[in-house]
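Okay, protein.pdb is below, PDB, C-alpha atoms and all ligand atoms:
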ATOM      1  CA  MET P  16       0.000   0.000   0.000
ATOM      2  CA  ILE P  17       1.305   3.421  -0.924
ATOM      3  CA  ASN P  18       0.704   5.838   1.908
ATOM      4  CA  ASN P  19       2.367   8.893   0.511
ATOM      5  CA  VAL P  20       4.902  10.268  -1.933
ATOM      6  CA  GLU P  21       7.744   9.539   0.445
ATOM      7  CA  SER P  22       6.876   5.844   0.480
ATOM      8  CA  LEU P  23       6.702   5.862  -3.298
ATOM      9  CA  CYS P  24      10.105   7.527  -3.557
ATOM     10  CA  CYS P  25      11.684   4.659  -1.620
ATOM     11  CA  VAL P  26      10.564   2.069  -4.147
ATOM     12  CA  ALA P  27      13.000   2.936  -6.935
ATOM     13  CA  PRO P  28      16.200   2.821  -4.834
ATOM     14  CA  ILE P  29      15.056  -0.369  -3.088
ATOM     15  CA  VAL P  30      14.521  -2.044  -6.456
ATOM     16  CA  ARG P  31      17.782  -0.663  -7.846
ATOM     17  CA  LEU P  32      20.001  -1.416  -4.826
ATOM     18  CA  GLY P  33      18.192  -4.371  -3.326
ATOM     19  CA  ALA P  34      16.433  -4.277   0.006
ATOM     20  CA  GLU P  35      19.450  -5.193   2.143
ATOM     21  CA  ARG P  36      21.794  -2.699   0.517
ATOM     22  CA  TRP P  37      19.172   0.071   0.827
ATOM     23  CA  ARG P  38      18.509  -0.862   4.421
ATOM     24  CA  SER P  39      22.236  -0.710   5.207
ATOM     25  CA  LEU P  40      22.267   2.979   4.249
ATOM     26  CA  GLY P  41      20.536   3.849   7.523
ATOM     27  CA  LEU P  42      22.536   4.724  10.632
ATOM     28  CA  THR P  43      20.230   2.846  13.016
ATOM     29  CA  ASP P  44      18.284  -0.409  13.018
ATOM     30  CA  GLU P  45      15.385   1.211  11.185
ATOM     31  CA  GLY P  46      17.567   1.386   8.090
ATOM     32  CA  GLY P  47      17.249   3.094   4.747
ATOM     33  CA  THR P  48      16.928   6.744   3.901
ATOM     34  CA  ARG P  49      14.176   9.290   4.134
ATOM     35  CA  MET P  50      13.506  12.901   3.335
ATOM     36  CA  TYR P  51      14.387  15.376   6.068
ATOM     37  CA  GLY P  52      13.607  19.062   5.800
ATOM     38  CA  VAL P  53      14.300  22.352   7.534
ATOM     39  CA  SER P  54      12.244  25.537   7.471
ATOM     40  CA  GLY P  55      12.427  28.706   9.512
ATOM     41  CA  ARG P  56      15.398  31.018   9.845
ATOM     42  CA  ALA P  57      18.114  28.630   8.758
ATOM     43  CA  ARG P  58      20.791  29.716   6.297
ATOM     44  CA  ARG P  59      19.546  27.098   3.822
ATOM     45  CA  THR P  60      16.014  25.850   4.057
ATOM     46  CA  GLY P  61      15.153  22.788   2.029
ATOM     47  CA  ALA P  62      14.791  19.021   1.964
ATOM     48  CA  TRP P  63      17.498  16.386   1.838
ATOM     49  CA  GLU P  64      17.459  12.626   1.444
ATOM     50  CA  LEU P  65      19.605  11.395   4.324
ATOM     51  CA  PRO P  66      20.284   8.139   6.168
ATOM     52  CA  VAL P  67      17.576   7.306   8.677
ATOM     53  CA  GLY P  68      19.018   8.105  12.097
ATOM     54  CA  THR P  69      20.777  11.305  11.105
ATOM     55  CA  PRO P  70      21.160  13.455  14.251
ATOM     56  CA  MET P  71      19.039  16.585  14.334
ATOM     57  CA  ARG P  72      22.124  18.684  14.936
ATOM     58  CA  GLU P  73      23.690  17.435  11.713
ATOM     59  CA  LEU P  74      20.503  18.226   9.802
ATOM     60  CA  ILE P  75      20.372  21.772  11.143
ATOM     61  CA  GLU P  76      24.030  22.712  11.298
ATOM     62  CA  ARG P  77      25.556  20.818   8.382
ATOM     63  CA  HIS P  78      22.794  20.563   5.816
ATOM     64  CA  ALA P  79      20.808  23.695   6.643
ATOM     65  CA  GLY P  80      23.933  25.687   7.504
ATOM     66  CA  GLY P  81      22.786  26.666  11.000
ATOM     67  CA  MET P  82      20.828  29.741  11.980
ATOM     68  CA  ARG P  83      20.855  32.965  10.022
ATOM     69  CA  GLU P  84      22.900  35.748  11.523
ATOM     70  CA  GLY P  85      21.065  37.541  14.288
ATOM     71  CA  PHE P  86      18.752  34.671  15.197
ATOM     72  CA  ALA P  87      19.216  32.133  17.968
ATOM     73  CA  LEU P  88      17.613  28.715  17.965
ATOM     74  CA  ARG P  89      15.275  28.133  20.896
ATOM     75  CA  ALA P  90      13.405  24.985  19.900
ATOM     76  CA  VAL P  91      12.583  22.742  16.975
ATOM     77  CA  MET P  92       9.231  21.402  15.880
ATOM     78  CA  PRO P  93      10.654  18.204  14.438
ATOM     79  CA  GLY P  94       7.930  16.796  12.265
ATOM     80  CA  GLY P  95       4.897  18.949  11.738
ATOM     81  CA  ALA P  96       2.275  20.645  13.869
ATOM     82  CA  SER P  97       1.462  17.515  15.869
ATOM     83  CA  THR P  98       4.930  16.859  17.263
ATOM     84  CA  PRO P  99       6.237  18.037  20.652
ATOM     85  CA  LEU P 100       8.916  20.731  20.615
ATOM     86  CA  VAL P 101      12.563  19.758  21.000
ATOM     87  CA  PRO P 102      14.511  22.308  23.065
ATOM     88  CA  ALA P 103      17.614  23.789  21.474
ATOM     89  CA  ASP P 104      19.886  22.008  23.944
ATOM     90  CA  ALA P 105      18.499  18.601  22.936
ATOM     91  CA  ILE P 106      19.193  18.659  19.194
ATOM     92  CA  ASP P 107      21.712  15.846  19.451
ATOM     93  CA  VAL P 108      18.696  13.544  19.387
ATOM     94  CA  ILE P 109      18.819  10.833  16.724
ATOM     95  CA  MET P 110      16.139  11.338  14.097
ATOM     96  CA  ASP P 111      14.516   7.976  13.677
ATOM     97  CA  PHE P 112      11.137   6.846  14.940
ATOM     98  CA  ASP P 113      12.353   4.895  17.985
ATOM     99  CA  HIS P 114      14.936   7.375  19.248
ATOM    100  CA  MET P 115      12.590  10.323  18.868
ATOM    101  CA  LYS P 116       9.784   8.511  20.644
ATOM    102  CA  GLN P 117      12.055   7.332  23.469
ATOM    103  CA  ALA P 118      13.224  10.912  23.952
ATOM    104  CA  GLY P 119       9.601  12.063  24.269
ATOM    105  CA  TYR P 120       9.340  13.752  20.899
ATOM    106  CA  GLY P 121       8.110  12.438  17.546
ATOM    107  CA  LEU P 122       9.671  12.135  14.122
ATOM    108  CA  GLY P 123       6.482  12.872  12.202
ATOM    109  CA  THR P 124       7.256  14.154   8.742
ATOM    110  CA  GLY P 125      10.930  14.747   9.528
ATOM    111  CA  THR P 126      10.548  18.336   8.373
ATOM    112  CA  ALA P 127      11.914  20.463  11.168
ATOM    113  CA  LEU P 128      10.591  23.959  11.804
ATOM    114  CA  LEU P 129      13.224  26.020  13.589
ATOM    115  CA  ILE P 130      11.790  28.273  16.283
ATOM    116  CA  ASP P 131      14.073  31.222  16.859
ATOM    117  CA  ASP P 132      14.156  34.004  19.392
ATOM    118  CA  SER P 133      12.038  36.320  17.267
ATOM    119  CA  VAL P 134       9.048  33.961  17.363
ATOM    120  CA  CYS P 135       6.453  34.528  20.064
ATOM    121  CA  PRO P 136       5.780  31.119  21.661
ATOM    122  CA  VAL P 137       2.229  32.152  22.550
ATOM    123  CA  GLY P 138       1.486  33.262  19.003
ATOM    124  CA  LEU P 139       3.057  30.083  17.663
ATOM    125  CA  CYS P 140       0.799  27.913  19.824
ATOM    126  CA  LEU P 141      -2.204  30.047  18.946
ATOM    127  CA  ASN P 142      -1.651  29.457  15.239
ATOM    128  CA  LEU P 143      -1.146  25.727  15.730
ATOM    129  CA  VAL P 144      -4.214  25.186  17.902
ATOM    130  CA  ARG P 145      -6.296  27.370  15.595
ATOM    131  CA  PHE P 146      -5.327  25.132  12.684
ATOM    132  CA  PHE P 147      -6.496  22.026  14.517
ATOM    133  CA  ALA P 148      -9.687  23.758  15.668
ATOM    134  CA  GLN P 149     -10.531  24.422  12.049
ATOM    135  CA  GLU P 150      -9.838  20.776  11.179
ATOM    136  CA  SER P 151     -12.050  19.242  13.890
ATOM    137  CA  CYS P 152     -14.882  17.180  12.447
ATOM    138  CA  GLY P 153     -17.110  17.937  15.441
ATOM    139  CA  TRP P 154     -17.636  14.399  16.702
ATOM    140  CA  CYS P 155     -16.009  14.537  20.157
ATOM    141  CA  THR P 156     -16.824  17.260  22.664
ATOM    142  CA  PRO P 157     -13.279  17.746  24.019
ATOM    143  CA  CYS P 158     -12.174  18.402  20.453
ATOM    144  CA  TRP P 159     -14.966  20.489  18.919
ATOM    145  CA  ALA P 160     -15.553  22.533  22.058
ATOM    146  CA  GLY P 161     -12.105  22.394  23.611
ATOM    147  CA  LEU P 162      -9.993  23.504  20.695
ATOM    148  CA  PRO P 163     -11.903  26.733  19.935
ATOM    149  CA  TRP P 164     -11.929  27.445  23.670
ATOM    150  CA  MET P 165      -8.146  27.033  23.762
ATOM    151  CA  VAL P 166      -7.825  29.340  20.767
ATOM    152  CA  GLY P 167      -9.776  31.959  22.682
ATOM    153  CA  VAL P 168      -7.631  31.625  25.789
ATOM    154  CA  LEU P 169      -4.364  31.720  23.848
ATOM    155  CA  ALA P 170      -5.602  34.781  21.935
ATOM    156  CA  ASP P 171      -6.463  36.413  25.259
ATOM    157  CA  ILE P 172      -2.971  35.733  26.591
ATOM    158  CA  GLU P 173      -1.298  36.987  23.453
ATOM    159  CA  GLU P 174      -3.439  40.102  23.281
ATOM    160  CA  GLY P 175      -2.908  41.056  26.905
ATOM    161  CA  ARG P 176      -6.129  39.795  28.478
ATOM    162  CA  GLY P 177      -4.629  36.660  29.993
ATOM    163  CA  ARG P 178      -5.109  35.688  33.631
ATOM    164  CA  PRO P 179      -2.759  33.572  35.765
ATOM    165  CA  GLU P 180      -5.297  30.757  36.056
ATOM    166  CA  HIS P 181      -5.400  30.389  32.274
ATOM    167  CA  LEU P 182      -2.205  28.326  32.239
ATOM    168  CA  ASP P 183      -3.616  25.704  34.606
ATOM    169  CA  LEU P 184      -6.890  25.700  32.703
ATOM    170  CA  LEU P 185      -5.042  25.045  29.456
ATOM    171  CA  ALA P 186      -3.235  22.118  31.088
ATOM    172  CA  GLU P 187      -6.539  20.829  32.438
ATOM    173  CA  GLN P 188      -8.152  20.998  29.019
ATOM    174  CA  MET P 189      -5.180  19.198  27.468
ATOM    175  CA  TRP P 190      -5.858  16.318  29.843
ATOM    176  CA  PHE P 191      -9.392  16.033  28.477
ATOM    177  CA  MET P 192      -7.916  15.778  24.999
ATOM    178  CA  GLY P 193      -5.268  13.169  25.812
ATOM    179  CA  GLU P 194      -4.736   9.738  24.279
ATOM    180  CA  GLN P 195      -7.873   7.562  24.379
ATOM    181  CA  MET P 196     -10.084  10.513  25.287
ATOM    182  CA  CYS P 197     -11.309  11.193  21.765
ATOM    183  CA  PHE P 198     -12.294   9.150  18.761
ATOM    184  CA  CYS P 199      -9.260   9.944  16.618
ATOM    185  CA  ASP P 200      -5.763  11.282  17.045
ATOM    186  CA  LEU P 201      -6.457  14.852  15.989
ATOM    187  CA  ALA P 202      -7.300  16.102  19.474
ATOM    188  CA  PRO P 203      -4.260  14.694  21.288
ATOM    189  CA  SER P 204      -2.064  15.755  18.384
ATOM    190  CA  ALA P 205      -3.399  19.286  18.557
ATOM    191  CA  THR P 206      -1.821  20.052  21.893
ATOM    192  CA  LYS P 207       1.547  18.311  21.742
ATOM    193  CA  ALA P 208       3.431  21.450  20.753
ATOM    194  CA  LEU P 209       1.425  23.525  23.247
ATOM    195  CA  GLY P 210       2.140  21.046  26.036
ATOM    196  CA  THR P 211       5.874  21.297  25.537
ATOM    197  CA  ALA P 212       5.727  25.056  24.927
ATOM    198  CA  LEU P 213       4.027  25.536  28.300
ATOM    199  CA  LYS P 214       7.018  23.820  29.898
ATOM    200  CA  LEU P 215       9.825  25.248  27.771
ATOM    201  CA  PHE P 216       8.452  28.772  27.574
ATOM    202  CA  ARG P 217       6.319  29.044  30.689
ATOM    203  CA  GLY P 218       8.114  32.233  31.650
ATOM    204  CA  GLU P 219       7.110  33.753  28.319
ATOM    205  CA  PHE P 220       3.451  32.852  28.860
ATOM    206  CA  GLU P 221       3.599  34.287  32.379
ATOM    207  CA  ARG P 222       5.270  37.462  31.124
ATOM    208  CA  HIS P 223       2.467  38.005  28.605
ATOM    209  CA  ILE P 224      -0.042  37.716  31.454
ATOM    210  CA  GLU P 225       1.891  39.870  33.933
ATOM    211  CA  GLU P 226       2.627  42.643  31.442
ATOM    212  CA  GLY P 227      -0.731  42.426  29.659
ATOM    213  CA  ARG P 228       0.911  42.603  26.253
ATOM    214  CA  CYS P 229       2.986  40.724  23.721
ATOM    215  CA  SER P 230       6.450  42.261  23.624
ATOM    216  CA  TYR P 231       7.146  40.515  20.312
ATOM    217  CA  ARG P 232       4.558  42.741  18.677
ATOM    218  CA  GLU P 233       6.446  45.829  19.748
ATOM    219  CA  ARG P 234       9.856  44.904  18.458
ATOM    220  CA  GLY P 235       9.276  46.433  15.049
ATOM    221  CA  PRO P 236       9.848  44.899  11.655
ATOM    222  CA  ILE P 237      12.481  42.268  11.180
ATOM    223  CA  THR P 238      14.180  43.150   7.933
ATOM    224  CA  GLY P 239      17.206  42.255   5.875
ATOM    225  CA  ALA P 240      18.914  38.993   5.120
ATOM    226  CA  GLY P 241      18.155  37.647   8.557
ATOM    227  CA  SER P 242      14.441  37.424   7.901
ATOM    228  CA  ALA P 243      12.938  34.292   6.484
ATOM    229  CA  ALA P 244      10.651  36.310   4.278
ATOM    230  CA  GLY P 245      12.940  39.247   3.674
ATOM    231  CA  GLY P 246      11.214  41.356   6.269
ATOM    232  CA  ARG P 247       8.275  40.930   8.551
ATOM    233  CA  PRO P 248       5.720  43.464   9.609
ATOM    234  CA  ALA P 249       5.649  44.447  13.242
ATOM    235  CA  GLY P 250       3.320  42.314  15.228
ATOM    236  CA  SER P 251       3.698  39.124  13.236
ATOM    237  CA  GLY P 252       5.784  37.328  15.815
ATOM    238  CA  THR P 253       4.406  33.902  15.002
ATOM    239  CA  ALA P 254       5.699  31.101  12.888
ATOM    240  CA  THR P 255       3.419  31.928  10.012
ATOM    241  CA  GLY P 256       2.738  35.576  10.662
ATOM    242  CA  ASP P 257      -0.971  34.756  10.613
ATOM    243  CA  ARG P 258      -2.821  36.968  13.033
ATOM    244  CA  ARG P 259      -6.327  36.522  11.809
ATOM    245  CA  PRO P 260      -8.766  36.494  14.709
ATOM    246  CA  GLY P 261      -9.679  33.062  15.895
ATOM    247  CA  PRO P 262     -13.125  31.685  16.520
ATOM    248  CA  GLY P 263     -12.942  32.622  20.179
ATOM    249  CA  PRO P 264     -14.051  30.550  23.126
ATOM    250  CA  ALA P 265     -16.825  28.052  22.724
ATOM    251  CA  ALA P 266     -20.158  29.660  23.437
ATOM    252  CA  GLY P 267     -21.166  29.044  27.000
ATOM    253  CA  GLY P 268     -17.797  27.601  27.936
ATOM    254  CA  LEU P 269     -16.681  24.046  28.341
ATOM    255  CA  PRO P 270     -18.786  21.418  30.038
ATOM    256  CA  GLY P 271     -17.790  21.329  33.653
ATOM    257  CA  LEU P 272     -16.171  24.748  33.611
ATOM    258  CA  ALA P 273     -18.092  27.721  34.922
ATOM    259  CA  PRO P 274     -18.217  30.577  32.388
ATOM    260  CA  ASP P 275     -16.203  32.862  34.656
ATOM    261  CA  ARG P 276     -13.378  30.339  34.560
ATOM    262  CA  VAL P 277     -13.361  30.291  30.800
ATOM    263  CA  ARG P 278     -12.231  33.824  30.129
TER     264      ARG P 278
HETATM  265  S1  LIG Z   1     -10.920  13.959  17.879
HETATM  266 FE1  LIG Z   1     -11.155  13.336  15.726
HETATM  267  S2  LIG Z   1     -13.190  12.372  15.646
HETATM  268 FE2  LIG Z   1     -13.112  13.600  17.541
HETATM  269  S3  LIG Z   1     -14.014  15.604  16.953
HETATM  270 FE3  LIG Z   1     -11.759  15.736  16.751
HETATM  271  S4  LIG Z   1     -11.387  15.291  14.575
HETATM  272 FE4  LIG Z   1     -13.450  14.529  15.056
END

Same coordinates, now as C-alpha cells:
Amino acid sequence: MINNVESLCCVAPIVRLGAERWRSLGLTDEGGTRMYGVSGRARRTGAWELPVGTPMRELIERHAGGMREGFALRAVMPGGASTPLVPADAIDVIMDFDHMKQAGYGLGTGTALLIDDSVCPVGLCLNLVRFFAQESCGWCTPCWAGLPWMVGVLADIEEGRGRPEHLDLLAEQMWFMGEQMCFCDLAPSATKALGTALKLFRGEFERHIEEGRCSYRERGPITGAGSAAGGRPAGSGTATGDRRPGPGPAAGGLPGLAPDRVR
C-alpha cells in the first residue's frame, strides 16, 4: 500500500540497490533513507534525502547551515504541527522513529521547523491550535468545544487579556484531549506542541499575562537577510505571521467549567 509520496520515492532505490543494501544505508536499526527538511530562519532551508538516524544537529548545522545571523535557535518542531517541541539544547537527538519517541518527541514528517528568538511562543501555539480547531470534524466534545476554547484563551494571553489561572486551565483541558479521550488522534495531536511550549516557555506565557501585552509585537519589523521572508511586519511574531482572529471561546464555555473560569 502506498501511503504517501515519500513511500513511493523509496521504491526505486530499493529495487535498484536491493532491500538489504538500501537498508544498510541507515545509521540505526530502522535502516534506509528518508527525506528530512528544515524551514524557519536557517541559512539554507530545504529538503534532503539522508540516512535514517541522522542526528538533528547534523541536519540543522551541516545541511541547513545553522541559523541565520542575528537569530538564535530556541526549539525545533521536528515533524509537523502535531509533534512536541525539541529544546535547542536537545538537538543531538537521533532522528529515527524509535529514538525520537524514546526521547519524548516524535519524528512525524521529519521536516523540522526552527523556532528562533524572534518567534512569540504564545502566538506560535495560537496558530497551531487554531489550525487544529478548524480541522475538527465535530464528533467529540473535548475536540470540537475544547480547541476553539483554547484558541480563545491563547488569543487572550497573546493580546494582553490573559489571567494567571489560564495556564492551569489550558493544562486541564489538554488532559481532556489526551490519548484515548477522543475518537481519533487529531485532538491529542493538537496540543503536543502547546504542552511542551508551556514547559519550555512558561516564563514567556507568564510574562504576557503579567505585562498584559505581547512584547514581540512591539519589536518592530524584522528586515534584511536575517528574515525568512525578507522582512516581517511588526506584530507578526508567530511562525506563520498569521494573526487573523480566531473563533474565540466556545459559546457558553466548556462542560464542567463555569463561564467565569473560561475567560
Ligand atoms: S478527535 Fe477526531 S473524531 Fe473527535 S471531533 Fe476531533 S477530529 Fe473529530

Subject >> Spatial neighbours of Ala148 of chain P, max dist 8 Å, all atoms listed in the file, sep filter under 3 positions, as number ranges by chain >> reply: P: 144-145, 151, 158-159, 162-163, 166

Subject >> Non-local contacts of segment 84-92 of chain P (7 Å; all atoms listed in the file; under 4 positions in same chain excluded) as a list in words >> reply: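 Here the answer would be Thr98, Pro99, Leu100, Val101, Pro102, Ala103, Ala127, Leu128, Leu129, Ile130, Asp131, Asp132 and Gly241 of chain P.
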
Original post:
Counting only C-alpha atoms and all ligand atoms, what residues are within 10 Å of ligand LIG 1 (chain Z), given as JSON, numbers by chain?
Top reply: {"P": [147, 148, 149, 150, 151, 152, 153, 154, 155, 156, 157, 158, 159, 160, 161, 162, 192, 193, 194, 195, 196, 197, 198, 199, 200, 201, 202, 203, 204, 205]}

**OP:** Using atom CA of Arg178 of chain P and atom CA of Cys135 of chain P as the two end points, give the distance in Å to one decimal.
**Re:**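 That distance, rounded to one decimal, is 17.9 Å.
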
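Remark: for Pro70 of chain P, the closest of the candidate residues P:Arg222, P:His181, P:His114, P:Arg217 is P:His114 (distances computed over only C-alpha atoms).
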
Original post:
Hey, can you check how far atom CA of Glu226 of chain P sits from atom CA of Gly167 of chain P?
Top reply: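 These two atoms are separated by 18.6 Å.
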